[in-house]
$ cat protein-v9.cif   # mmCIF, C-alpha atoms and all ligand atoms
data_input
#
loop_
_atom_site.group_PDB
_atom_site.id
_atom_site.type_symbol
_atom_site.label_atom_id
_atom_site.label_comp_id
_atom_site.auth_asym_id
_atom_site.auth_seq_id
_atom_site.Cartn_x
_atom_site.Cartn_y
_atom_site.Cartn_z
ATOM 1 C CA MET P 1 180.279 104.771 58.251
ATOM 2 C CA SER P 2 178.139 103.521 55.368
ATOM 3 C CA LEU P 3 174.428 103.012 55.982
ATOM 4 C CA ASN P 4 174.034 100.155 53.503
ATOM 5 C CA PRO P 5 176.163 97.215 52.338
ATOM 6 C CA LYS P 6 178.340 98.482 49.471
ATOM 7 C CA ILE P 7 177.556 97.111 46.015
ATOM 8 C CA LYS P 8 180.758 97.309 43.973
ATOM 9 C CA ASP P 9 180.560 94.130 41.937
ATOM 10 C CA TRP P 10 177.361 93.678 39.937
ATOM 11 C CA SER P 11 178.369 90.520 38.109
ATOM 12 C CA GLY P 12 175.722 87.821 38.472
ATOM 13 C CA LEU P 13 173.370 90.004 40.550
ATOM 14 C CA LYS P 14 169.726 89.869 39.473
ATOM 15 C CA VAL P 15 168.486 93.439 39.104
ATOM 16 C CA TRP P 16 164.968 94.630 38.274
ATOM 17 C CA VAL P 17 164.778 98.130 36.796
ATOM 18 C CA VAL P 18 161.213 99.454 36.886
ATOM 19 C CA GLY P 19 160.862 102.341 34.445
ATOM 20 C CA ALA P 20 163.655 101.291 32.097
ATOM 21 C CA SER P 21 162.260 102.283 28.703
ATOM 22 C CA SER P 22 163.909 105.722 28.642
ATOM 23 C CA GLY P 23 165.988 108.257 30.547
ATOM 24 C CA ILE P 24 167.674 107.385 33.829
ATOM 25 C CA GLY P 25 166.159 103.894 34.076
ATOM 26 C CA ARG P 26 167.294 102.940 30.608
ATOM 27 C CA ALA P 27 170.826 104.229 31.241
ATOM 28 C CA LEU P 28 170.899 102.288 34.518
ATOM 29 C CA ALA P 29 169.755 99.084 32.801
ATOM 30 C CA GLU P 30 172.381 99.458 30.077
ATOM 31 C CA SER P 31 175.168 100.199 32.527
ATOM 32 C CA LEU P 32 174.186 97.298 34.798
ATOM 33 C CA THR P 33 174.141 94.840 31.894
ATOM 34 C CA ARG P 34 177.596 96.056 30.858
ATOM 35 C CA ARG P 35 178.760 95.491 34.448
ATOM 36 C CA GLY P 36 177.652 91.851 34.305
ATOM 37 C CA ALA P 37 174.326 92.054 36.154
ATOM 38 C CA ARG P 38 171.408 89.869 35.079
ATOM 39 C CA VAL P 39 168.947 92.637 34.303
ATOM 40 C CA ILE P 40 165.162 92.486 34.121
ATOM 41 C CA VAL P 41 163.558 95.607 32.622
ATOM 42 C CA SER P 42 159.985 96.851 32.929
ATOM 43 C CA ALA P 43 157.884 99.779 31.719
ATOM 44 C CA ARG P 44 154.715 100.182 29.650
ATOM 45 C CA ARG P 45 156.406 100.599 26.228
ATOM 46 C CA ALA P 46 157.434 97.032 25.383
ATOM 47 C CA GLN P 47 158.793 97.999 21.960
ATOM 48 C CA THR P 48 161.127 100.591 23.482
ATOM 49 C CA LEU P 49 162.306 98.097 26.106
ATOM 50 C CA ALA P 50 163.185 95.690 23.298
ATOM 51 C CA GLU P 51 165.569 98.291 21.831
ATOM 52 C CA ILE P 52 167.772 98.561 24.953
ATOM 53 C CA ALA P 53 171.422 97.833 24.180
ATOM 54 C CA PRO P 54 173.142 95.747 25.285
ATOM 55 C CA PRO P 55 169.948 93.698 25.667
ATOM 56 C CA PRO P 56 168.916 92.867 29.223
ATOM 57 C CA GLU P 57 168.264 89.251 30.189
ATOM 58 C CA ILE P 58 164.479 89.636 30.526
ATOM 59 C CA VAL P 59 161.970 92.183 29.213
ATOM 60 C CA LEU P 60 158.651 92.277 31.063
ATOM 61 C CA ALA P 61 156.184 95.009 30.142
ATOM 62 C CA CYS P 62 154.343 96.376 33.151
ATOM 63 C CA ASP P 63 152.030 99.239 34.040
ATOM 64 C CA ILE P 64 152.699 99.980 37.700
ATOM 65 C CA GLN P 65 149.337 101.751 38.004
ATOM 66 C CA ASP P 66 147.803 98.283 37.842
ATOM 67 C CA ASP P 67 148.466 96.024 40.871
ATOM 68 C CA ALA P 68 147.728 92.947 38.749
ATOM 69 C CA SER P 69 150.348 93.987 36.191
ATOM 70 C CA ILE P 70 153.002 94.203 38.919
ATOM 71 C CA ALA P 71 151.864 90.823 40.275
ATOM 72 C CA ALA P 72 152.144 89.237 36.813
ATOM 73 C CA VAL P 73 155.725 90.474 36.384
ATOM 74 C CA ILE P 74 156.756 89.216 39.818
ATOM 75 C CA ALA P 75 155.156 85.836 39.052
ATOM 76 C CA GLN P 76 157.129 85.692 35.777
ATOM 77 C CA MET P 77 160.382 86.478 37.571
ATOM 78 C CA ARG P 78 159.668 83.836 40.234
ATOM 79 C CA SER P 79 158.834 81.161 37.640
ATOM 80 C CA ARG P 80 162.168 81.801 35.906
ATOM 81 C CA ASP P 81 164.093 81.765 39.209
ATOM 82 C CA MET P 82 164.839 85.445 38.615
ATOM 83 C CA LEU P 83 163.470 87.162 41.710
ATOM 84 C CA PRO P 84 165.755 90.198 41.949
ATOM 85 C CA ASP P 85 168.545 90.781 44.455
ATOM 86 C CA VAL P 86 168.247 94.502 43.743
ATOM 87 C CA VAL P 87 165.273 96.611 42.646
ATOM 88 C CA PHE P 88 165.581 100.096 41.124
ATOM 89 C CA TRP P 89 162.133 101.734 41.355
ATOM 90 C CA VAL P 90 162.703 104.462 38.769
ATOM 91 C CA ALA P 91 159.304 104.962 37.092
ATOM 92 C CA GLY P 92 157.805 108.406 37.350
ATOM 93 C CA VAL P 93 155.873 111.115 35.537
ATOM 94 C CA TYR P 94 156.066 114.899 35.694
ATOM 95 C CA HIS P 95 153.218 117.323 35.131
ATOM 96 C CA PRO P 96 154.402 120.844 35.919
ATOM 97 C CA MET P 97 151.548 122.971 37.252
ATOM 98 C CA ALA P 98 150.921 125.916 39.492
ATOM 99 C CA CYS P 99 148.445 125.982 42.377
ATOM 100 C CA ASP P 100 146.179 128.407 40.534
ATOM 101 C CA ALA P 101 146.123 126.243 37.397
ATOM 102 C CA LEU P 102 145.681 122.734 38.747
ATOM 103 C CA GLU P 103 144.840 119.932 36.343
ATOM 104 C CA LEU P 104 143.332 117.274 38.553
ATOM 105 C CA ASP P 105 143.832 114.413 36.085
ATOM 106 C CA GLY P 106 147.538 115.246 36.073
ATOM 107 C CA VAL P 107 147.607 115.442 39.876
ATOM 108 C CA ARG P 108 145.927 112.026 40.146
ATOM 109 C CA GLU P 109 148.274 110.420 37.617
ATOM 110 C CA THR P 110 151.293 111.909 39.350
ATOM 111 C CA PHE P 111 150.348 110.489 42.727
ATOM 112 C CA GLN P 112 149.164 107.195 41.236
ATOM 113 C CA ILE P 113 152.466 106.526 39.429
ATOM 114 C CA ASN P 114 155.036 108.355 41.539
ATOM 115 C CA THR P 115 153.669 107.463 44.961
ATOM 116 C CA LEU P 116 150.792 104.991 45.264
ATOM 117 C CA ALA P 117 152.260 102.455 42.832
ATOM 118 C CA ALA P 118 155.426 102.458 44.936
ATOM 119 C CA TYR P 119 153.493 101.067 47.899
ATOM 120 C CA SER P 120 152.012 98.334 45.722
ATOM 121 C CA GLY P 121 155.391 97.411 44.242
ATOM 122 C CA LEU P 122 157.043 97.305 47.647
ATOM 123 C CA GLN P 123 154.269 95.257 49.236
ATOM 124 C CA GLN P 124 154.236 92.696 46.462
ATOM 125 C CA MET P 125 158.005 92.339 46.228
ATOM 126 C CA LEU P 126 158.375 91.971 50.001
ATOM 127 C CA GLN P 127 155.849 89.129 49.900
ATOM 128 C CA ALA P 128 157.748 87.452 47.059
ATOM 129 C CA TRP P 129 161.072 87.903 48.839
ATOM 130 C CA ALA P 130 159.624 86.457 52.062
ATOM 131 C CA SER P 131 158.750 83.280 50.179
ATOM 132 C CA ALA P 132 162.365 82.895 49.004
ATOM 133 C CA PRO P 133 164.576 84.073 51.887
ATOM 134 C CA GLN P 134 168.083 85.258 51.042
ATOM 135 C CA ALA P 135 170.830 86.972 53.023
ATOM 136 C CA ALA P 136 171.084 90.359 51.305
ATOM 137 C CA ARG P 137 168.763 92.391 49.170
ATOM 138 C CA HIS P 138 168.523 96.020 48.163
ATOM 139 C CA TRP P 139 165.677 98.348 47.147
ATOM 140 C CA SER P 140 166.611 101.672 45.588
ATOM 141 C CA TRP P 141 163.958 104.371 45.119
ATOM 142 C CA VAL P 142 164.446 107.080 42.525
ATOM 143 C CA SER P 143 162.887 110.167 44.077
ATOM 144 C CA SER P 144 163.847 113.794 43.399
ATOM 145 C CA VAL P 145 165.361 116.878 44.990
ATOM 146 C CA ALA P 146 162.049 118.513 43.973
ATOM 147 C CA GLY P 147 160.670 116.933 47.136
ATOM 148 C CA TYR P 148 163.073 118.781 49.450
ATOM 149 C CA ARG P 149 160.925 121.938 49.758
ATOM 150 C CA GLY P 150 158.009 123.666 48.052
ATOM 151 C CA LEU P 151 159.030 124.745 44.537
ATOM 152 C CA PRO P 152 157.123 126.766 41.943
ATOM 153 C CA GLN P 153 155.258 124.632 39.359
ATOM 154 C CA ALA P 154 155.855 121.492 41.425
ATOM 155 C CA ALA P 155 152.518 121.397 43.268
ATOM 156 C CA ALA P 156 151.897 117.776 42.247
ATOM 157 C CA TYR P 157 155.317 116.426 41.295
ATOM 158 C CA GLY P 158 157.257 117.804 44.273
ATOM 159 C CA ALA P 159 154.625 116.633 46.748
ATOM 160 C CA SER P 160 154.559 113.142 45.220
ATOM 161 C CA LYS P 161 158.349 112.903 45.505
ATOM 162 C CA ALA P 162 158.408 114.273 49.078
ATOM 163 C CA ALA P 163 156.051 111.435 49.986
ATOM 164 C CA LEU P 164 158.239 108.911 48.158
ATOM 165 C CA THR P 165 161.341 110.094 50.019
ATOM 166 C CA TYR P 166 159.428 109.739 53.285
ATOM 167 C CA LEU P 167 158.569 106.153 52.303
ATOM 168 C CA ALA P 168 162.238 105.582 51.481
ATOM 169 C CA GLU P 169 163.276 106.726 54.970
ATOM 170 C CA VAL P 170 160.680 104.554 56.708
ATOM 171 C CA SER P 171 161.471 101.527 54.574
ATOM 172 C CA HIS P 172 165.192 101.953 55.295
ATOM 173 C CA LEU P 173 164.514 101.997 59.028
ATOM 174 C CA GLU P 174 162.140 99.073 59.037
ATOM 175 C CA LEU P 175 163.622 96.733 56.434
ATOM 176 C CA LYS P 176 167.286 96.870 57.429
ATOM 177 C CA PRO P 177 166.749 94.425 60.320
ATOM 178 C CA ARG P 178 165.196 92.029 57.771
ATOM 179 C CA GLY P 179 168.348 92.083 55.619
ATOM 180 C CA ILE P 180 166.901 94.434 53.015
ATOM 181 C CA ALA P 181 168.963 97.558 52.386
ATOM 182 C CA VAL P 182 167.110 100.635 51.139
ATOM 183 C CA SER P 183 168.538 103.684 49.395
ATOM 184 C CA VAL P 184 167.028 106.774 47.814
ATOM 185 C CA ILE P 185 168.407 108.411 44.683
ATOM 186 C CA GLN P 186 167.702 112.146 44.426
ATOM 187 C CA PRO P 187 168.753 113.487 41.041
ATOM 188 C CA GLY P 188 168.962 117.158 40.187
ATOM 189 C CA PHE P 189 168.203 117.954 36.549
ATOM 190 C CA VAL P 190 168.786 115.162 34.033
ATOM 191 C CA GLU P 191 168.263 115.555 30.293
ATOM 192 C CA THR P 192 165.313 113.229 29.561
ATOM 193 C CA ARG P 193 161.859 113.465 28.008
ATOM 194 C CA LEU P 194 160.655 114.429 31.480
ATOM 195 C CA THR P 195 162.717 117.632 31.675
ATOM 196 C CA ALA P 196 162.053 118.390 27.998
ATOM 197 C CA LYS P 197 158.807 119.887 29.363
ATOM 198 C CA ASN P 198 160.712 122.603 31.225
ATOM 199 C CA ASN P 199 160.925 126.014 29.595
ATOM 200 C CA PHE P 200 163.518 127.405 32.006
ATOM 201 C CA GLN P 201 167.272 127.124 32.418
ATOM 202 C CA MET P 202 168.209 123.925 34.265
ATOM 203 C CA PRO P 203 171.482 124.383 36.126
ATOM 204 C CA ALA P 204 174.093 121.610 36.224
ATOM 205 C CA ILE P 205 171.988 119.320 34.026
ATOM 206 C CA LEU P 206 173.398 115.802 33.537
ATOM 207 C CA THR P 207 173.005 113.189 30.832
ATOM 208 C CA PRO P 208 171.130 109.995 31.779
ATOM 209 C CA GLU P 209 174.442 108.120 31.542
ATOM 210 C CA GLN P 210 176.061 110.505 34.056
ATOM 211 C CA ALA P 211 173.048 110.064 36.329
ATOM 212 C CA ALA P 212 173.270 106.272 36.099
ATOM 213 C CA LYS P 213 176.981 106.378 36.942
ATOM 214 C CA ALA P 214 176.422 108.692 39.912
ATOM 215 C CA SER P 215 173.648 106.372 41.149
ATOM 216 C CA LEU P 216 175.861 103.275 40.956
ATOM 217 C CA ASP P 217 178.771 105.165 42.542
ATOM 218 C CA GLY P 218 176.469 105.946 45.477
ATOM 219 C CA LEU P 219 175.524 102.302 45.876
ATOM 220 C CA ALA P 220 179.220 101.377 45.744
ATOM 221 C CA LYS P 221 179.787 103.703 48.731
ATOM 222 C CA GLY P 222 176.848 102.257 50.647
ATOM 223 C CA ASP P 223 175.059 105.610 50.845
ATOM 224 C CA PHE P 224 171.421 105.834 51.903
ATOM 225 C CA GLU P 225 170.809 109.108 50.084
ATOM 226 C CA ILE P 226 172.485 109.395 46.694
ATOM 227 C CA HIS P 227 172.081 112.948 45.423
ATOM 228 C CA TYR P 228 173.723 114.525 42.407
ATOM 229 C CA PRO P 229 175.270 116.593 40.983
ATOM 230 C CA LYS P 230 176.610 117.866 44.293
ATOM 231 C CA ARG P 231 177.358 121.324 42.832
ATOM 232 C CA PHE P 232 173.585 121.739 42.541
ATOM 233 C CA THR P 233 172.107 119.513 45.237
ATOM 234 C CA LEU P 234 174.270 120.901 48.047
ATOM 235 C CA TRP P 235 172.775 124.359 47.377
ATOM 236 C CA LEU P 236 169.299 122.861 47.635
ATOM 237 C CA LYS P 237 170.242 121.222 50.911
ATOM 238 C CA CYS P 238 171.332 124.643 52.236
ATOM 239 C CA LEU P 239 167.975 126.120 51.135
ATOM 240 C CA ARG P 240 166.256 123.377 53.109
ATOM 241 C CA LEU P 241 167.884 124.660 56.289
ATOM 242 C CA LEU P 242 166.605 128.224 55.905
ATOM 243 C CA PRO P 243 163.690 129.558 57.984
ATOM 244 C CA TYR P 244 160.476 130.019 55.966
ATOM 245 C CA SER P 245 160.761 133.815 56.024
ATOM 246 C CA LEU P 246 164.092 133.724 54.210
ATOM 247 C CA TYR P 247 163.224 130.763 51.989
ATOM 248 C CA PHE P 248 160.014 132.350 50.677
ATOM 249 C CA ARG P 249 161.789 135.663 50.040
ATOM 250 C CA LEU P 250 164.410 133.877 47.927
ATOM 251 C CA MET P 251 161.891 131.730 46.074
ATOM 252 C CA LYS P 252 159.726 134.738 45.228
ATOM 253 C CA LYS P 253 162.420 135.681 42.748
ATOM 254 C CA ALA P 254 161.827 132.368 40.934
ATOM 255 C CA LEU P 255 158.105 133.072 40.467
ATOM 256 C CA PRO P 256 156.805 134.838 37.374
ATOM 257 C CA ASP P 257 155.791 138.436 38.094
ATOM 258 C CA ARG P 258 151.969 138.535 37.958
ATOM 259 C CA SER P 259 151.523 142.083 39.182
HETATM 260 N N1 LIG B 301 164.999 113.962 34.605
HETATM 261 C C1 LIG B 301 165.186 114.591 35.745
HETATM 262 O O1 LIG B 301 165.688 115.730 35.792
HETATM 263 C C2 LIG B 301 164.789 113.939 37.045
HETATM 264 C C3 LIG B 301 165.158 114.581 38.233
HETATM 265 C C4 LIG B 301 164.818 114.006 39.432
HETATM 266 C C5 LIG B 301 164.148 112.803 39.451
HETATM 267 N N2 LIG B 301 163.793 112.201 38.296
HETATM 268 C C6 LIG B 301 163.067 110.928 38.380
HETATM 269 O O2 LIG B 301 163.747 109.956 37.642
HETATM 270 C C7 LIG B 301 162.823 108.958 37.226
HETATM 271 C C8 LIG B 301 163.052 108.680 35.747
HETATM 272 O O3 LIG B 301 162.680 109.822 35.007
HETATM 273 P P1 LIG B 301 163.398 110.259 33.668
HETATM 274 O O4 LIG B 301 163.803 111.663 33.838
HETATM 275 O O5 LIG B 301 164.398 109.249 33.261
HETATM 276 O O6 LIG B 301 162.147 110.298 32.671
HETATM 277 P P2 LIG B 301 161.605 109.310 31.559
HETATM 278 O O7 LIG B 301 162.598 109.134 30.482
HETATM 279 O O8 LIG B 301 160.264 109.825 31.216
HETATM 280 O O9 LIG B 301 161.487 107.909 32.325
HETATM 281 C C9 LIG B 301 160.377 107.566 33.097
HETATM 282 C C10 LIG B 301 160.249 106.056 33.082
HETATM 283 O O10 LIG B 301 159.139 105.705 33.905
HETATM 284 C C11 LIG B 301 158.343 104.765 33.194
HETATM 285 N N3 LIG B 301 156.956 104.823 33.623
HETATM 286 C C12 LIG B 301 156.166 105.915 33.725
HETATM 287 N N4 LIG B 301 154.920 105.551 34.086
HETATM 288 C C13 LIG B 301 154.937 104.196 34.215
HETATM 289 C C14 LIG B 301 153.960 103.233 34.528
HETATM 290 N N5 LIG B 301 152.684 103.575 34.798
HETATM 291 N N6 LIG B 301 154.314 101.930 34.586
HETATM 292 C C15 LIG B 301 155.594 101.573 34.309
HETATM 293 N N7 LIG B 301 156.573 102.433 33.992
HETATM 294 C C16 LIG B 301 156.233 103.737 33.936
HETATM 295 C C17 LIG B 301 158.489 105.198 31.734
HETATM 296 O O11 LIG B 301 158.180 104.148 30.851
HETATM 297 P P3 LIG B 301 156.817 103.987 29.993
HETATM 298 O O12 LIG B 301 156.331 105.354 29.658
HETATM 299 O O13 LIG B 301 157.273 103.164 28.841
HETATM 300 O O14 LIG B 301 155.892 103.241 30.891
HETATM 301 C C18 LIG B 301 159.976 105.512 31.694
HETATM 302 O O15 LIG B 301 160.710 104.330 31.474
HETATM 303 C C19 LIG B 301 161.433 109.489 37.552
HETATM 304 O O16 LIG B 301 160.961 108.899 38.737
HETATM 305 C C20 LIG B 301 161.679 110.971 37.758
HETATM 306 O O17 LIG B 301 160.728 111.544 38.617
HETATM 307 C C21 LIG B 301 164.106 112.729 37.086
#

$ encode --input "protein-v9.cif" --output "structure tokens" --more "lines below"
Ligand SMILES: NC(=O)c1ccc[n+]([C@@H]2O[C@H](COP(=O)([O-])OP(=O)(O)OC[C@H]3O[C@@H](n4cnc5c(N)ncnc54)[C@H](OP(=O)(O)O)[C@@H]3O)[C@@H](O)[C@H]2O)c1
Amino acid sequence: MSLNPKIKDWSGLKVWVVGASSGIGRALAESLTRRGARVIVSARRAQTLAEIAPPPEIVLACDIQDDASIAAVIAQMRSRDMLPDVVFWVAGVYHPMACDALELDGVRETFQINTLAAYSGLQQMLQAWASAPQAARHWSWVSSVAGYRGLPQAAAYGASKAALTYLAEVSHLELKPRGIAVSVIQPGFVETRLTAKNNFQMPAILTPEQAAKASLDGLAKGDFEIHYPKRFTLWLKCLRLLPYSLYFRLMKKALPDRS
């Protein structure tokens, strides 16, 4: 039984992709435009948004750290009769860091963009949607498998994504009765500027285009949680089931030897 209405036909749907200037968000925007959706793209880098091909219907630069910037974009969409049917909240940043080498500016930015801005975006869009009622809407969060359990170097990023996934679960529960479907996309490794920071082997890494396809396939099935690639994420789900004693013993092998 699917947890959300299935989205198989994107033609004519108004879709807002937040964090579309590169990586997964950009690939999603391009794929959605090719599938006939009326796509609105946002991110901070307006010039990069303007280079998306095929071009989306509307480009609206936005810094989601700024509530007023989100409000201005929503006002623009409303004035053009383009309030979205579907939102992909993709924007995120990654600052790898260990607990004994915390960089507090990086921690703050991570939580500001990956987590706190999500609350602002959701609050503001729900208010806009309430003023223009419609039968079916969908909000899709892009979180990460890094939020499943404590991982080395993910002190800030993993925690911010665990919180986002929690918000995704709560919003699914609470918004469904209001006709708003909610899904959460949990990618494994995807080759983007974000993972270019990693200096370790990334198993089963996907291209942004593969990630976009897997995301849209999940929405077509009506899944709540869309995780990929399964050959990697299913292992992580098994790790999540382990007792701490076993989990920590296994993860110790992933930590650099500091003895
Ligand atoms: N790559 C992976 O392996 C992986 C795995 C799991 C989850 N994810 C998640 O997937 C999402 C996309 O990441 P990606 O890998 O595609 O990296 P990316 O290429 O760096 O994309 C991140 C996007 O977020 C936007 N963004 C960042 N801060 C923003 C802000 N303050 N306001 C508006 N937009 C902002 C960026 O645009 P501007 O810089 O132009 O603003 C960019 O479009 C992130 O949430 C990430 O955590 C990625």

$ resolve_selection --input "protein-v9.cif" --expression "the PyMOL selection byres (((chain P and resi 8-14) around 6) and not hetatm)" --output "PDB file with C-alpha atoms, in the frame of the given file"
ATOM      1  CA  ILE P   7     177.556  97.111  46.015  1.00  0.00           C
ATOM      2  CA  VAL P  15     168.486  93.439  39.104  1.00  0.00           C
ATOM      3  CA  ARG P  35     178.760  95.491  34.448  1.00  0.00           C
ATOM      4  CA  GLY P  36     177.652  91.851  34.305  1.00  0.00           C
ATOM      5  CA  ALA P  37     174.326  92.054  36.154  1.00  0.00           C
ATOM      6  CA  ARG P  38     171.408  89.869  35.079  1.00  0.00           C
ATOM      7  CA  VAL P  39     168.947  92.637  34.303  1.00  0.00           C
ATOM      8  CA  PRO P  84     165.755  90.198  41.949  1.00  0.00           C
ATOM      9  CA  ASP P  85     168.545  90.781  44.455  1.00  0.00           C
ATOM     10  CA  ALA P 220     179.220 101.377  45.744  1.00  0.00           C
TER      11      ALA P 220
END

$ atom_distance --input "protein-v9.cif" --atom1 "atom CA of P:Tyr157" --atom2 "atom CA of P:Met97"
8.6 Å

$ closest_atom_pairs --input "protein-v9.cif" --of "chain P" --to "ligand LIG 301 (chain B)" --cutoff "7 Å" --atoms "all atoms listed in the file" --output "CSV"
residue,atom,partner,partner_atom,distance
P:Val18,CA,B:LIG301,N7,6.2
P:Gly19,CA,B:LIG301,O15,3.6
P:Ala20,CA,B:LIG301,O15,4.3
P:Ser21,CA,B:LIG301,O15,3.8
P:Ser22,CA,B:LIG301,O7,4.1
P:Gly23,CA,B:LIG301,O5,3.3
P:Ile24,CA,B:LIG301,O5,3.8
P:Gly25,CA,B:LIG301,O5,5.7
P:Arg26,CA,B:LIG301,O15,6.8
P:Ser42,CA,B:LIG301,C15,6.6
P:Ala43,CA,B:LIG301,N7,3.7
P:Arg44,CA,B:LIG301,O14,3.5
P:Arg45,CA,B:LIG301,O13,3.8
P:Cys62,CA,B:LIG301,C15,5.5
P:Asp63,CA,B:LIG301,N6,3.6
P:Ile64,CA,B:LIG301,N6,4.0
P:Gln65,CA,B:LIG301,N5,5.0
P:Val90,CA,B:LIG301,C7,4.8
P:Ala91,CA,B:LIG301,O10,3.3
P:Gly92,CA,B:LIG301,O16,3.5
P:Val93,CA,B:LIG301,C12,5.5
P:Tyr94,CA,B:LIG301,O17,6.4
P:Ile113,CA,B:LIG301,N5,5.5
P:Asn114,CA,B:LIG301,O16,6.6
P:Val142,CA,B:LIG301,O16,5.5
P:Ser143,CA,B:LIG301,C5,5.5
P:Ser144,CA,B:LIG301,C5,4.1
P:Val145,CA,B:LIG301,C4,6.3
P:Ala146,CA,B:LIG301,C4,7.0
P:Gln186,CA,B:LIG301,C4,6.1
P:Pro187,CA,B:LIG301,C4,4.3
P:Gly188,CA,B:LIG301,C3,5.0
P:Phe189,CA,B:LIG301,O1,3.4
P:Val190,CA,B:LIG301,O1,3.6
P:Glu191,CA,B:LIG301,N1,5.6
P:Thr192,CA,B:LIG301,O4,4.8
P:Arg193,CA,B:LIG301,O7,5.0
P:Leu194,CA,B:LIG301,O6,4.6
P:Thr195,CA,B:LIG301,N1,5.2
P:Pro208,CA,B:LIG301,O5,6.9

$ residues_around --input "protein-v9.cif" --residues "P:Ala46" --least-positions-apart "6" --cutoff "8 Å" --atoms "all atoms listed in the file" --output "list in words"
Ser21, Val59, Leu60 and Ala61 of chain P

$ resolve_selection --input "protein-v9.cif" --expression "the PyMOL selection byres (((chain P and resi 134) around 12) and not hetatm)" --output "list in words"
Leu83, Pro84, Asp85, Val86, Leu126, Ala128, Trp129, Ala130, Ser131, Ala132, Pro133, Ala135, Ala136, Arg137, His138, Arg178, Gly179 and Ile180 of chain P

$ write_last_selection --input "protein-v9.cif" --atoms "C-alpha atoms" --output "mmCIF file, keeping the file's coordinate frame"
data_model
loop_
_atom_site.group_PDB
_atom_site.id
_atom_site.type_symbol
_atom_site.label_atom_id
_atom_site.label_comp_id
_atom_site.auth_asym_id
_atom_site.auth_seq_id
_atom_site.Cartn_x
_atom_site.Cartn_y
_atom_site.Cartn_z
ATOM 1 C CA LEU P 83 163.470 87.162 41.710
ATOM 2 C CA PRO P 84 165.755 90.198 41.949
ATOM 3 C CA ASP P 85 168.545 90.781 44.455
ATOM 4 C CA VAL P 86 168.247 94.502 43.743
ATOM 5 C CA LEU P 126 158.375 91.971 50.001
ATOM 6 C CA ALA P 128 157.748 87.452 47.059
ATOM 7 C CA TRP P 129 161.072 87.903 48.839
ATOM 8 C CA ALA P 130 159.624 86.457 52.062
ATOM 9 C CA SER P 131 158.750 83.280 50.179
ATOM 10 C CA ALA P 132 162.365 82.895 49.004
ATOM 11 C CA PRO P 133 164.576 84.073 51.887
ATOM 12 C CA ALA P 135 170.830 86.972 53.023
ATOM 13 C CA ALA P 136 171.084 90.359 51.305
ATOM 14 C CA ARG P 137 168.763 92.391 49.170
ATOM 15 C CA HIS P 138 168.523 96.020 48.163
ATOM 16 C CA ARG P 178 165.196 92.029 57.771
ATOM 17 C CA GLY P 179 168.348 92.083 55.619
ATOM 18 C CA ILE P 180 166.901 94.434 53.015
#

$ atom_distance --input "protein-v9.cif" --atom1 "atom CA of P:Gly222" --atom2 "atom CA of P:Pro5"
5.4 Å

$ closest_residue --input "protein-v9.cif" --among "P:Gln123, P:Ala196, P:Glu169, P:Lys237" --to "P:Tyr148" --atoms "only C-alpha atoms"
P:Lys237

$ closest_atom_pairs --input "protein-v9.cif" --of "stretch 25-131 of chain P" --to "stretch 149-152 of chain P" --cutoff "10 Å" --atoms "all atoms listed in the file" --output "CSV"
residue,atom,partner,partner_atom,distance
P:Pro96,CA,P:Pro152,CA,8.9
P:Met97,CA,P:Pro152,CA,8.2
P:Ala98,CA,P:Pro152,CA,6.7
P:Cys99,CA,P:Pro152,CA,8.7

$ resolve_selection --input "protein-v9.cif" --expression "the PyMOL selection byres (((chain P and resi 29) around 9) and not hetatm)" --output "PyMOL selection string"
chain P and resi 15-17+20+24-28+30-34+39-41+52-56+212

$ write_last_selection --input "protein-v9.cif" --atoms "C-alpha atoms" --output "mmCIF file, in the frame of the given file"
data_model
loop_
_atom_site.group_PDB
_atom_site.id
_atom_site.type_symbol
_atom_site.label_atom_id
_atom_site.label_comp_id
_atom_site.auth_asym_id
_atom_site.auth_seq_id
_atom_site.Cartn_x
_atom_site.Cartn_y
_atom_site.Cartn_z
ATOM 1 C CA VAL P 15 168.486 93.439 39.104
ATOM 2 C CA TRP P 16 164.968 94.630 38.274
ATOM 3 C CA VAL P 17 164.778 98.130 36.796
ATOM 4 C CA ALA P 20 163.655 101.291 32.097
ATOM 5 C CA ILE P 24 167.674 107.385 33.829
ATOM 6 C CA GLY P 25 166.159 103.894 34.076
ATOM 7 C CA ARG P 26 167.294 102.940 30.608
ATOM 8 C CA ALA P 27 170.826 104.229 31.241
ATOM 9 C CA LEU P 28 170.899 102.288 34.518
ATOM 10 C CA GLU P 30 172.381 99.458 30.077
ATOM 11 C CA SER P 31 175.168 100.199 32.527
ATOM 12 C CA LEU P 32 174.186 97.298 34.798
ATOM 13 C CA THR P 33 174.141 94.840 31.894
ATOM 14 C CA ARG P 34 177.596 96.056 30.858
ATOM 15 C CA VAL P 39 168.947 92.637 34.303
ATOM 16 C CA ILE P 40 165.162 92.486 34.121
ATOM 17 C CA VAL P 41 163.558 95.607 32.622
ATOM 18 C CA ILE P 52 167.772 98.561 24.953
ATOM 19 C CA ALA P 53 171.422 97.833 24.180
ATOM 20 C CA PRO P 54 173.142 95.747 25.285
ATOM 21 C CA PRO P 55 169.948 93.698 25.667
ATOM 22 C CA PRO P 56 168.916 92.867 29.223
ATOM 23 C CA ALA P 212 173.270 106.272 36.099
#

$ residues_around --input "protein-v9.cif" --residues "P:Gly121" --least-positions-apart "6" --cutoff "9 Å" --atoms "all atoms listed in the file" --output "number ranges by chain"
P: 64, 67, 70-71, 89

$ atom_distance --input "protein-v9.cif" --atom1 "atom CA of P:Ala163" --atom2 "atom CA of P:Ile226"
16.9 Å

$ closest_residue --input "protein-v9.cif" --among "P:Met251, P:Leu216, P:Asn199, P:Lys161" --to "P:Leu239" --atoms "only C-alpha atoms"
P:Met251
